[in-house]
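Chemist: I'd like to ask some things about the structure below.
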Amino acid sequence: MGSMGKVADPYLEDLGGGIFAYIQPDGSWFLNNTGIVAGAGTTVLVDQCGTEDRARAFLAAATAAGRGPVQALVNTHHHGDHTFGNVVMPSGTTIVGHARCRHEMMATGTAITALFQGPEWGEIGVCPPNVTFEDRLTLWVDDLELQLIHFGTPAHTTNDVVVWVPEHSIAFTGDLVFNGGTPFALQGSVTGWIETCDRLAALGAAALVPGHGPVTGPEAIHDVRRYLGFVMDTARAGIAAGVAPLEAARDLDLGPFAALTDPERIVGNLHRAYHELNGAPRGAPLDLLPIAAEMMTYHGGPIVSHA
Ligand SMILES: [Zn+2]
């Protein structure tokens, strides 16, 4: 399957009650997680994958794990690792997402693929949600309630949605939680994400399926919040010193966060934090290409994805 040999194969984790996490190691660039909620009469998926091969493998795993037909897919946000594989879904599948998820998918297309080396993308494309909402929507899998929640502010992106399963105390967080990877706020809001962490923690979920990395507990929300606070502190100091984001990143000791995958995201995160501290609204569009180029400079070359 493409360049999949460089990382371990995806695996299915049974969380009980017909709920499964589909984990794609090692959680770095474009290696996202997805989910399956299988009822007797219907199966609902949470997110898709970023390459055709990976999307087809996930759909096959979901079809095998489910008892009822796959009838709906929720996109947690517009990013291509979670949505490019929408195109492999059977025609007639209901695709649900935030209204701005649909808008961003249609506005950005698949251009992001040009920034990464490595993946064999296959036939991917843009198949945006055909059911959209703003704040909350409830989906039922037989008699199991799935609460789709947008926390009201840009965070990881402008259109983050959590799938909360109160009966089993499980939350599919999308990229509001990275477990073992560097959180990435370039297309959202650092301050909004910090607030969102508190709202997410208030759900009281016992188990989280993060957007990237292994299934975890609520402590992972605290880790994300701590990293984002570190970004804000660094940005405040950088602005005070008159130092540009790339320079601030290069001078920075990442400390405990150095062990996270994709550390070059600090550059994009600082750009977002600088803009917010300088008065830009949360989630305001930024010119992404020059910032991506700076991330590559920090990284020391092109960014490789093992997806
Ligand atoms: Zn994302």
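We label chains A, B, ... in the order they appear in the structure tokens, count residues from 1 in each chain, and number ligands from 1 in the order shown.
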Show me, as a tab-separated table, the residues of chain A having an atom within 10 Å of ligand 1, each with the closest atom pair and its distance in Å, using only C-alpha atoms and all ligand atoms.
Modeler:
residue	atom	partner	partner_atom_place_in_ligand_line	distance
A:Trp29	CA	ligand 1	1 (Zn)	9.4
A:Phe30	CA	ligand 1	1 (Zn)	8.6
A:Asn32	CA	ligand 1	1 (Zn)	8.3
A:Thr76	CA	ligand 1	1 (Zn)	8.5
A:His77	CA	ligand 1	1 (Zn)	6.7
A:His78	CA	ligand 1	1 (Zn)	7.3
A:His79	CA	ligand 1	1 (Zn)	4.9
A:Gly80	CA	ligand 1	1 (Zn)	7.7
A:Asp81	CA	ligand 1	1 (Zn)	7.1
A:His82	CA	ligand 1	1 (Zn)	7.2
A:Thr83	CA	ligand 1	1 (Zn)	9.7
A:His156	CA	ligand 1	1 (Zn)	6.7
A:Thr157	CA	ligand 1	1 (Zn)	7.2
A:Asp160	CA	ligand 1	1 (Zn)	8.7
A:Gly174	CA	ligand 1	1 (Zn)	7.3
A:Asp175	CA	ligand 1	1 (Zn)	5.0
A:Leu176	CA	ligand 1	1 (Zn)	8.1
A:Val177	CA	ligand 1	1 (Zn)	9.7
A:Phe178	CA	ligand 1	1 (Zn)	9.4
A:Pro183	CA	ligand 1	1 (Zn)	9.0
A:Phe184	CA	ligand 1	1 (Zn)	7.5
A:Ala185	CA	ligand 1	1 (Zn)	8.8
A:Leu186	CA	ligand 1	1 (Zn)	9.9
A:Gln187	CA	ligand 1	1 (Zn)	8.9
A:Gly188	CA	ligand 1	1 (Zn)	9.8
A:Gly211	CA	ligand 1	1 (Zn)	7.3
A:His212	CA	ligand 1	1 (Zn)	8.9
Chemist: Taking only C-alpha atoms into account, which of A:Asp26, A:Asp143, A:Glu247, A:Glu13 comes nearest A:Ala61?
Modeler: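 That would be A:Glu13, the residue with the smallest distance to A:Ala61.
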Chemist: Quick one: everything within 12 Å of A:Thr158, counting only C-alpha atoms, minus sequence neighbours fewer than 5 positions away in the same chain. Send it as a PyMOL selection string.
Modeler: chain A and resi 76-79+97-105+134+150-153+175-176+185-190+192-193+196+281-285
Chemist: Any chance you could export the current selection's C-alpha atoms as a PDB file, in the first residue's frame?
Modeler:
ATOM      1  CA  THR A  76     -14.460  16.462  12.129  1.00  0.00           C
ATOM      2  CA  HIS A  77     -12.941  19.325  10.055  1.00  0.00           C
ATOM      3  CA  HIS A  78     -11.909  20.126   6.505  1.00  0.00           C
ATOM      4  CA  HIS A  79      -8.255  19.018   6.490  1.00  0.00           C
ATOM      5  CA  GLY A  97     -19.851  18.405   8.837  1.00  0.00           C
ATOM      6  CA  HIS A  98     -19.754  21.985   9.994  1.00  0.00           C
ATOM      7  CA  ALA A  99     -20.966  24.523   7.438  1.00  0.00           C
ATOM      8  CA  ARG A 100     -17.474  26.007   7.260  1.00  0.00           C
ATOM      9  CA  CYS A 101     -16.011  22.535   6.705  1.00  0.00           C
ATOM     10  CA  ARG A 102     -17.935  22.339   3.441  1.00  0.00           C
ATOM     11  CA  HIS A 103     -16.882  25.874   2.529  1.00  0.00           C
ATOM     12  CA  GLU A 104     -13.180  25.290   3.296  1.00  0.00           C
ATOM     13  CA  MET A 105     -13.064  21.974   1.450  1.00  0.00           C
ATOM     14  CA  GLU A 134     -23.379  25.347  12.962  1.00  0.00           C
ATOM     15  CA  HIS A 150     -18.810  22.646  17.565  1.00  0.00           C
ATOM     16  CA  PHE A 151     -17.481  24.586  20.559  1.00  0.00           C
ATOM     17  CA  GLY A 152     -18.201  28.007  19.086  1.00  0.00           C
ATOM     18  CA  THR A 153     -14.756  29.328  18.204  1.00  0.00           C
ATOM     19  CA  ASP A 175      -7.565  17.272  15.678  1.00  0.00           C
ATOM     20  CA  LEU A 176      -8.576  19.162  18.809  1.00  0.00           C
ATOM     21  CA  ALA A 185      -3.125  25.911  14.917  1.00  0.00           C
ATOM     22  CA  LEU A 186      -2.036  27.677  11.720  1.00  0.00           C
ATOM     23  CA  GLN A 187      -5.528  27.549  10.203  1.00  0.00           C
ATOM     24  CA  GLY A 188      -7.444  28.145  13.412  1.00  0.00           C
ATOM     25  CA  SER A 189      -6.774  30.049  16.627  1.00  0.00           C
ATOM     26  CA  VAL A 190      -4.328  29.462  19.459  1.00  0.00           C
ATOM     27  CA  GLY A 192      -9.643  29.807  20.739  1.00  0.00           C
ATOM     28  CA  TRP A 193      -8.113  26.347  20.994  1.00  0.00           C
ATOM     29  CA  THR A 196     -11.916  24.879  23.480  1.00  0.00           C
ATOM     30  CA  PRO A 281      -9.655  37.861  14.543  1.00  0.00           C
ATOM     31  CA  ARG A 282      -9.546  34.158  15.380  1.00  0.00           C
ATOM     32  CA  GLY A 283      -9.362  32.010  12.275  1.00  0.00           C
ATOM     33  CA  ALA A 284      -8.632  34.968   9.980  1.00  0.00           C
ATOM     34  CA  PRO A 285      -7.148  33.691   6.695  1.00  0.00           C
TER      35      PRO A 285
END
Chemist: Please compute the atom CA of A:Asp251-atom CA of A:Val304 distance, one decimal, in Å.
Modeler: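 Straight-line distance from atom CA of A:Asp251 to atom CA of A:Val304 works out to 23.6 Å.
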Chemist: Which residues in stretch 33-145 of chain A does DSSP call strand (DSSP E or B)? List them as an NGL selection string.
Modeler: :A and (34-38 or 43-46 or 70-74 or 94-98 or 116-117 or 131-133 or 136-141 or 144-145)
Chemist: Check stretch 106-259 of chain A with DSSP on the backbone and list each residue it calls alpha helix (DSSP H), as a PyMOL selection string.
Modeler: chain A and resi 106-108+190-202+219-241+245-250
Chemist: Output C-alpha atoms for every residue in the selection just made, as a short mmCIF file (atom, residue, chain, number, x, y, z; two decimals), in the first residue's frame.
Modeler:
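Result written to again-v7.cif:
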data_model
loop_
_atom_site.label_atom_id
_atom_site.label_comp_id
_atom_site.auth_asym_id
_atom_site.auth_seq_id
_atom_site.Cartn_x
_atom_site.Cartn_y
_atom_site.Cartn_z
CA MET A 106 -14.50 23.57 -1.67
CA ALA A 107 -12.23 26.61 -1.38
CA THR A 108 -8.97 24.73 -0.78
CA VAL A 190 -4.33 29.46 19.46
CA THR A 191 -6.42 31.37 22.00
CA GLY A 192 -9.64 29.81 20.74
CA TRP A 193 -8.11 26.35 20.99
CA ILE A 194 -7.08 26.98 24.61
CA GLU A 195 -10.71 27.87 25.46
CA THR A 196 -11.92 24.88 23.48
CA CYS A 197 -9.68 22.57 25.52
CA ASP A 198 -11.57 23.63 28.63
CA ARG A 199 -14.96 23.05 26.97
CA LEU A 200 -13.83 19.66 25.67
CA ALA A 201 -12.54 18.65 29.11
CA ALA A 202 -15.90 19.67 30.60
CA GLU A 219 -5.09 13.99 30.33
CA ALA A 220 -4.20 14.44 26.65
CA ILE A 221 -6.37 17.58 26.57
CA HIS A 222 -4.19 19.04 29.31
CA ASP A 223 -1.04 18.27 27.29
CA VAL A 224 -2.44 20.08 24.23
CA ARG A 225 -3.45 23.06 26.36
CA ARG A 226 0.03 23.22 27.89
CA TYR A 227 1.67 23.26 24.43
CA LEU A 228 -0.65 26.04 23.25
CA GLY A 229 0.14 28.08 26.35
CA PHE A 230 3.83 27.63 25.55
CA VAL A 231 3.16 28.93 22.02
CA MET A 232 1.42 32.02 23.40
CA ASP A 233 4.23 32.70 25.89
CA THR A 234 6.82 32.35 23.12
CA ALA A 235 4.86 34.64 20.80
CA ARG A 236 4.48 37.33 23.47
CA ALA A 237 8.22 37.25 24.15
CA GLY A 238 9.03 37.26 20.43
CA ILE A 239 6.83 40.28 19.73
CA ALA A 240 8.33 42.11 22.71
CA ALA A 241 11.82 41.38 21.39
CA PRO A 245 8.24 33.93 14.09
CA LEU A 246 10.84 31.84 12.24
CA GLU A 247 13.67 33.42 14.18
CA ALA A 248 11.78 32.97 17.46
CA ALA A 249 11.25 29.30 16.58
CA ARG A 250 14.90 28.72 15.76
#
Chemist: Quick one: everything within 12 Å of A:Asp287, counting only C-alpha atoms, minus sequence neighbours fewer than 2 positions away in the same chain. Send it as a list in words.
Modeler: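 Surrounding residues, per the criterion: Leu186, Gln187, Gly268, His271, Arg272, His275, Ala284, Pro285, Leu289, Pro290, Ile291, Ala292, Ala293 and Glu294 of chain A.
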Chemist: Would you write out those residues with C-alpha atoms, as a CSV table (one decimal), in the first residue's frame?
Modeler:
chain,number,residue,atom,x,y,z
A,186,LEU,CA,-2.0,27.7,11.7
A,187,GLN,CA,-5.5,27.5,10.2
A,268,GLY,CA,3.0,28.0,11.8
A,271,HIS,CA,2.6,33.0,13.0
A,272,ARG,CA,-1.0,32.4,14.1
A,275,HIS,CA,-1.4,37.6,14.3
A,284,ALA,CA,-8.6,35.0,10.0
A,285,PRO,CA,-7.1,33.7,6.7
A,289,LEU,CA,2.5,29.2,1.2
A,290,PRO,CA,5.2,31.5,2.7
A,291,ILE,CA,4.5,30.1,6.1
A,292,ALA,CA,4.8,26.6,4.8
A,293,ALA,CA,8.1,27.5,3.2
A,294,GLU,CA,9.4,28.8,6.6
Chemist: Tell me which of A:Ala207, A:Val131, A:Ile124, A:Leu115 sits closest to A:Val96, counting only C-alpha atoms.
Modeler: A:Val131
Chemist: Would you please work out which residue, of A:Ala206, A:Asp253, A:Ala60, A:Leu137, is nearest to A:Pro166 when using only C-alpha atoms?
Modeler: A:Ala206
Chemist: Looking at only C-alpha atoms, which of A:Phe84, A:Asn179, A:Val267, A:Ile36 is the one that sits closest to A:Thr63?
Modeler: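 With only C-alpha atoms as the atom set, the closest residue is A:Ile36.
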Chemist: Find the distance between atom CA of A:Gly41 and atom CA of A:Ala62 and write it in Å to one decimal.
Modeler: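 Separation between atom CA of A:Gly41 and atom CA of A:Ala62: 14.0 Å.
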Chemist: In Å to one decimal, how far is atom CA of A:Ala114 from atom CA of A:Asp53?
Modeler: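 Interatomic distance, atom CA of A:Asp53 to atom CA of A:Ala114: 18.3 Å.
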Chemist: Excluding A:Glu123 and its own-chain neighbours fewer than 2 positions away, which residues fall within 7 Å of it when counting only C-alpha atoms? Please give them as a PDB file with C-alpha atoms, in the first residue's frame.
Modeler:
ATOM      1  CA  GLU A  52      -7.024   6.480  -1.871  1.00  0.00           C
ATOM      2  CA  TRP A 121      -2.290   9.950  -3.276  1.00  0.00           C
ATOM      3  CA  GLY A 125     -10.755  14.673  -4.412  1.00  0.00           C
TER       4      GLY A 125
END
Chemist: Calculated over only C-alpha atoms, which of the candidates A:Ile112, A:Leu73, A:Ala244, A:Ala259 has the smallest distance to A:Tyr274?
Modeler: A:Ala244
